[in-house]
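Data first, discussion second: the structure below is written as structure tokens.
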Amino acid sequence: MKASKVHAVVAAALESPALITRWQREPQGLRDAGIEPESLNLDALGKFAGLTAKVKHNGLRADFPLTFRLLNVAGLEIELFSAYASYCATSGKRFAATAAGRVQDLMGFMEHWLDFNRHEHVLLWDLMRHESALTTLGNVNAADAHPPVSRDSKARVKRADATPRVQGTIILREMHSNPQFVGKLLQKKAPPLHEVELNSYHFCYWHKEGGEEIDILELDELGYYLLALIDGATSVATLSRMIGGGSKSSKVILRALGQLAELGIISGVRRPVGALTRDVRLPRAKSADRSAHSKK
Amino acid sequence: MKYLDTTKGKPNIGLALGPGVNEFVSEHPELVDYVEIPFEQLRHAPEVASIQEEIPVVLHCASMSVAGFVAPEGATLDAIADAAAHTRTPWIGEHLAFVSADPLVVDDSTTPSPTNLTYTVCPQLSEETVARVAENLAALEARFDQPLIIENSPQYFEVPGSTMPMVDFIGAVLKRSSAGLLLDLSHFLITMLNTGRDPRKDIEKLPLERVLEIHISGLNKQSEIVWDDHATPAPPLIFELLDLVLRRARPKALTFEYNWTPHFPESVLKAHLQRGRQALGLS
């Protein structure tokens, strides 16, 4: 086989991995291109395309150290990126010019590609969304956050007419693992990821107005869904109706709102006596050490 | 500006430019003699050259398609020559690989121009390629004031039409050329592991007296193939191979390529640099 012809075939396949899929399905196409199908390991060629795609995402490692560590430890790097390279080639999608764009595109692909029956895929998805939330909030400019509301003003309205609003910027994530715990395991030389039991978690990533820190709160379902509904325009009564508590604000919801107010994450409602959670502040600069969290 | 002096006979230790390298070099000038910068990075982000105010630069390259059948553009070669002159690199390291290839005819459509990749690919290991590399190197060497040294590729799969193993290919190329060898020990070990050969035996078959520079990085096995990995520390076997090579070779430079991540553990980096210095007899 002429070397120039072989190089042409290999280069074309690497530039457009869709050809690999096509030749796997129709080996005659490869024969027509001058290469005996049995002489070229198309599967390995596809994986090499994955390596090149992975390298082109090295720019994400700064903000996603745990994600990349998990990909490495779980042996998923090549599997993920070769599938991604093939998907991009088939759909005619080019890698985005910015790191933020690449994250968005990659996560969009992963959401559909991941097999959530596979334990390590579940951990990966949680971890990536965890680091994505931290990165997004880390880039929030204090001036972009909601305008501050005086704490003194919030308890001066009737409960049902009160309109709670979030103080700062939040990102809510439902997960099946605790990424901070997984992150700690990943610091070990041989992380025992199989020890991670899957469960239901509700996290709130919170960048306070004017703050330099990102807090991670683990919430119960009610607190989580209340935060998801609070938009600064919906009254407590409406929230109560939406959450299934009837038109009259239920004590449970008022108490939950009061506890969120106690944390300082919302304003516009009366604060209760006693705190719902213990709040741990996380320095924004230490991205690899963002492992502390608040828990109910 | 600082320039690397390789005429004194003392080998040098360097780092491939990557995230955190500027800071590391500033904090530990005693550990690093030079920084290796890819020409492609210099071309697209000329500001990276400012590091040469702190530390000398060695130029690396992945654009010449030395083992290819499509010649690089003259403008690219001129830009490499300019970068080499500007940095006063003692040599230009280039991959024994191809980055460009003839267009492929699929169905009735013909790609109008050659396929240009942005990374290097292991070529067909054959007499035909050896002859082509010799021609290419002869033509390229005439264009530069600095010597060319060629870096062995990692082999991830058998390239159709190959007739010889990697060590024989490298040996055959060097027999027909005056170029020095940039021995990437990680690429070498990857090739050995992926092709089922014995690295301790094959390393002795290389023309080690031609080694001018050595590269070290990590590797990792994923999806049944061993891959290059500049985010992972080199395994102990790499250092064992380094010691074997240094029995016969007198390289002028040893470069650690840990340049894919800003989170590479500094303690490991320092330990490997020290290990390299020790192997070269510098400490």
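Chain lettering (A, B, ...) mirrors the order of the structure tokens, residue numbering begins at 1 for each chain separately, and ligand numbering begins at 1 in order of display.
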Q: Residues of chain B no more than 7 Å from chain A, counting only C-alpha atoms: send them over as a ChimeraX atom specification.
A: /B:69,101-104,115,117,123-124,128-129,157,159-161,222-223,260-262
Expected file: the selected residues, N, CA and C atoms, as a tab-separated table (two decimals), in the first residue's frame:
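Saved file out01.tsv follows:
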```
chain	number	residue	atom	x	y	z
B	69	PHE	N	3.91	13.40	2.68
B	69	PHE	CA	4.10	13.48	1.24
B	69	PHE	C	3.52	14.78	0.68
B	101	ALA	N	-1.67	15.61	4.51
B	101	ALA	CA	-1.75	14.45	3.60
B	101	ALA	C	-2.54	14.84	2.36
B	102	ASP	N	-2.39	14.03	1.34
B	102	ASP	CA	-3.14	14.28	0.10
B	102	ASP	C	-4.63	14.23	0.38
B	103	PRO	N	-5.41	14.95	-0.42
B	103	PRO	CA	-6.87	14.87	-0.23
B	103	PRO	C	-7.37	13.47	-0.57
B	104	LEU	N	-8.43	13.08	0.11
B	104	LEU	CA	-8.99	11.75	-0.13
B	104	LEU	C	-10.22	11.85	-1.01
B	115	THR	N	-5.37	17.52	3.29
B	115	THR	CA	-5.91	17.48	4.65
B	115	THR	C	-4.81	17.96	5.59
B	117	LEU	N	-3.93	18.54	9.42
B	117	LEU	CA	-4.31	18.32	10.81
B	117	LEU	C	-3.57	19.31	11.70
B	123	PRO	N	3.62	7.92	10.96
B	123	PRO	CA	3.51	7.57	9.54
B	123	PRO	C	3.55	6.06	9.30
B	124	GLN	N	3.38	5.70	8.04
B	124	GLN	CA	3.61	4.31	7.66
B	124	GLN	C	5.11	4.03	7.88
B	128	GLU	N	9.54	3.17	1.85
B	128	GLU	CA	9.04	4.30	1.06
B	128	GLU	C	9.03	5.57	1.92
B	129	THR	N	8.56	5.44	3.15
B	129	THR	CA	8.51	6.62	4.03
B	129	THR	C	9.92	7.05	4.44
B	157	PHE	N	-1.62	2.49	16.84
B	157	PHE	CA	-2.20	1.40	16.04
B	157	PHE	C	-1.25	1.14	14.88
B	159	VAL	N	0.01	1.08	11.36
B	159	VAL	CA	-0.32	1.86	10.16
B	159	VAL	C	-0.23	0.93	8.95
B	160	PRO	N	-1.28	0.83	8.14
B	160	PRO	CA	-1.29	-0.10	7.01
B	160	PRO	C	-0.06	0.07	6.12
B	161	GLY	N	0.46	-1.08	5.69
B	161	GLY	CA	1.61	-1.05	4.79
B	161	GLY	C	2.94	-0.96	5.50
B	222	GLN	N	-6.04	3.65	28.43
B	222	GLN	CA	-7.48	3.90	28.39
B	222	GLN	C	-8.04	3.16	27.19
B	223	SER	N	-9.17	2.53	27.38
B	223	SER	CA	-9.84	1.84	26.27
B	223	SER	C	-8.86	0.91	25.55
B	260	TRP	N	-0.10	19.93	30.26
B	260	TRP	CA	-1.53	19.89	29.89
B	260	TRP	C	-2.44	20.41	30.98
B	261	THR	N	-1.94	20.55	32.17
B	261	THR	CA	-2.83	20.93	33.27
B	261	THR	C	-2.16	21.89	34.23
B	262	PRO	N	-2.91	22.85	34.77
B	262	PRO	CA	-2.34	23.73	35.80
B	262	PRO	C	-2.29	23.05	37.16
```
**Q.** alpha helix (DSSP H) per DSSP on the backbone: members of stretch 23-55 of chain A, as number ranges by chain
**A.** A: 23-25, 27-32, 42-55
**Q.** Distance query B:Ala142 at most 12 Å, only C-alpha atoms, self and fewer than 4 positions along chain excluded, as a ChimeraX atom specification
**A.** /B:77,81,135-138,146-148,178-179
(Q) Between B:Val173, B:Ile203, B:Leu193, B:Leu254, which residue has the minimum interatomic distance to B:Glu224, considering only C-alpha atoms? (A)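 For B:Glu224, the nearest of the given residues is B:Leu193.
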Q.
Could you list, as a PyMOL selection string, every residue within 9 Å of stretch 237-251 of chain B, counting only C-alpha atoms and ignoring same-chain residues fewer than 3 positions away?
A. chain B and resi 11-12+185-186+189+199-200+203-204+207-214+216-218+234+254+275-276+279-280
**Q.** Pick from B:Ala85, B:Ala45, B:Ala134, B:Val32 nearest to B:Ala67, counting only C-alpha atoms
**A.** B:Ala134
Q. Quick one, how far is atom CA of A:Gln28 from atom CA of B:Val105?
A.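 If I compute the distance from atom CA of A:Gln28 to atom CA of B:Val105, I get 13.8 Å.
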